[in-house]
Amino acid sequence: MTPAARLATLLVATPALAALFGCAAVRPAAMALPAELAAAVAEPVAGIGSGRSGSFVLGGGQGRFERGRDRLDLFEAVSFDRARTRYTWVGADGRRSQAACLGRQTTASVGVAVAQPRPFTFECEWSGALPARMTVSAPSWIPGSRAERSGRFSSEGVELELRSVHRVQGSPLELEAPIGYVVSHAGRPVGAIELNGNAPRLWRPAPTSPLHEPVTLAALALALLWDPAGDS
């Protein structure tokens, strides 16, 4: 999902301001967090923006990225989506990692009927300081339903679970496209990445935790992904 699509889709009126100023007063929606992370402080991933390439800063680390998304339509009946991402990350400790990711999805339509012969998948590999693999996929998809994603990040004995979030704070309604992701370890939430707004926001374990680097690498890949769900 591109930042422009997120911002256009996920603006939510603040009740108090709406009462004073009407519908013109809006703020970016905030992702609903699990209780384990609600009191933690988020870090902005500054600099990603909406471009195909650039640099970003997170805490004391920095990175560079290249990304793109292409769609091939055949006779207005079948669409093939491809989303590619590459980034290099140098943490505050000087450790360097490189990521290469590919997202794929195939959509078919006959009249008003829409189906996905190949639901969305997103696969990443890391080399460098922390070799790792990640796979995120859509377990199922029905038109008009949530574009759910779930997956796993694996590296050197560390296993993380990833789950898309569709709820926003202060609203009973759920969004179709993910507003972010929660990262869990052994069933316990340890991190999260919020995709809405001008800069993604990351909740992650302390630098002394063995989960700090894995959560960071997985979250950055999700923050840089142009997800076709953002077209909804």
# chains A, B, ... in the order shown; residues from 1 in each chain; ligands from 1
$ residues_around --residues "Ser154 of chain A" --least-positions-apart "5" --cutoff "10 Å" --atoms "only C-alpha atoms" --output "list in words"
Glu125, Pro131, Ala132, Arg133, Met134, Thr135, Glu159, Leu160, Glu161, Pro214 and Ala218 of chain A
$ residues_around --residues "Phe120 of chain A" --least-positions-apart "3" --cutoff "6 Å" --atoms "only C-alpha atoms" --output "PDB file with C-alpha atoms, in the first residue's frame"
ATOM      1  CA  ARG A 104       2.883 -11.581  -5.690  1.00  0.00           C
ATOM      2  CA  GLN A 105      -0.855 -11.798  -6.262  1.00  0.00           C
ATOM      3  CA  SER A 137       0.552 -14.428   3.030  1.00  0.00           C
ATOM      4  CA  ALA A 138      -3.204 -13.966   2.800  1.00  0.00           C
TER       5      ALA A 138
END
$ select_by_dssp --residues "segment 11-230 of chain A" --states "helix (DSSP H, G or I)" --output "count of residues only"
26
$ closest_residue --among "A:Leu173, A:Ala199, A:Ala206, A:Leu72" --to "Gly49 of chain A" --atoms "only C-alpha atoms"
A:Ala199
$ closest_residue --among "A:Ala108, A:Trp89, A:Val41, A:Asp227" --to "Asp70 of chain A" --atoms "only C-alpha atoms"
A:Asp227
$ residues_around --residues "Ala129 of chain A" --least-positions-apart "5" --cutoff "8 Å" --atoms "only C-alpha atoms" --output "MDAnalysis selection string"
chainID A and resid 95:97
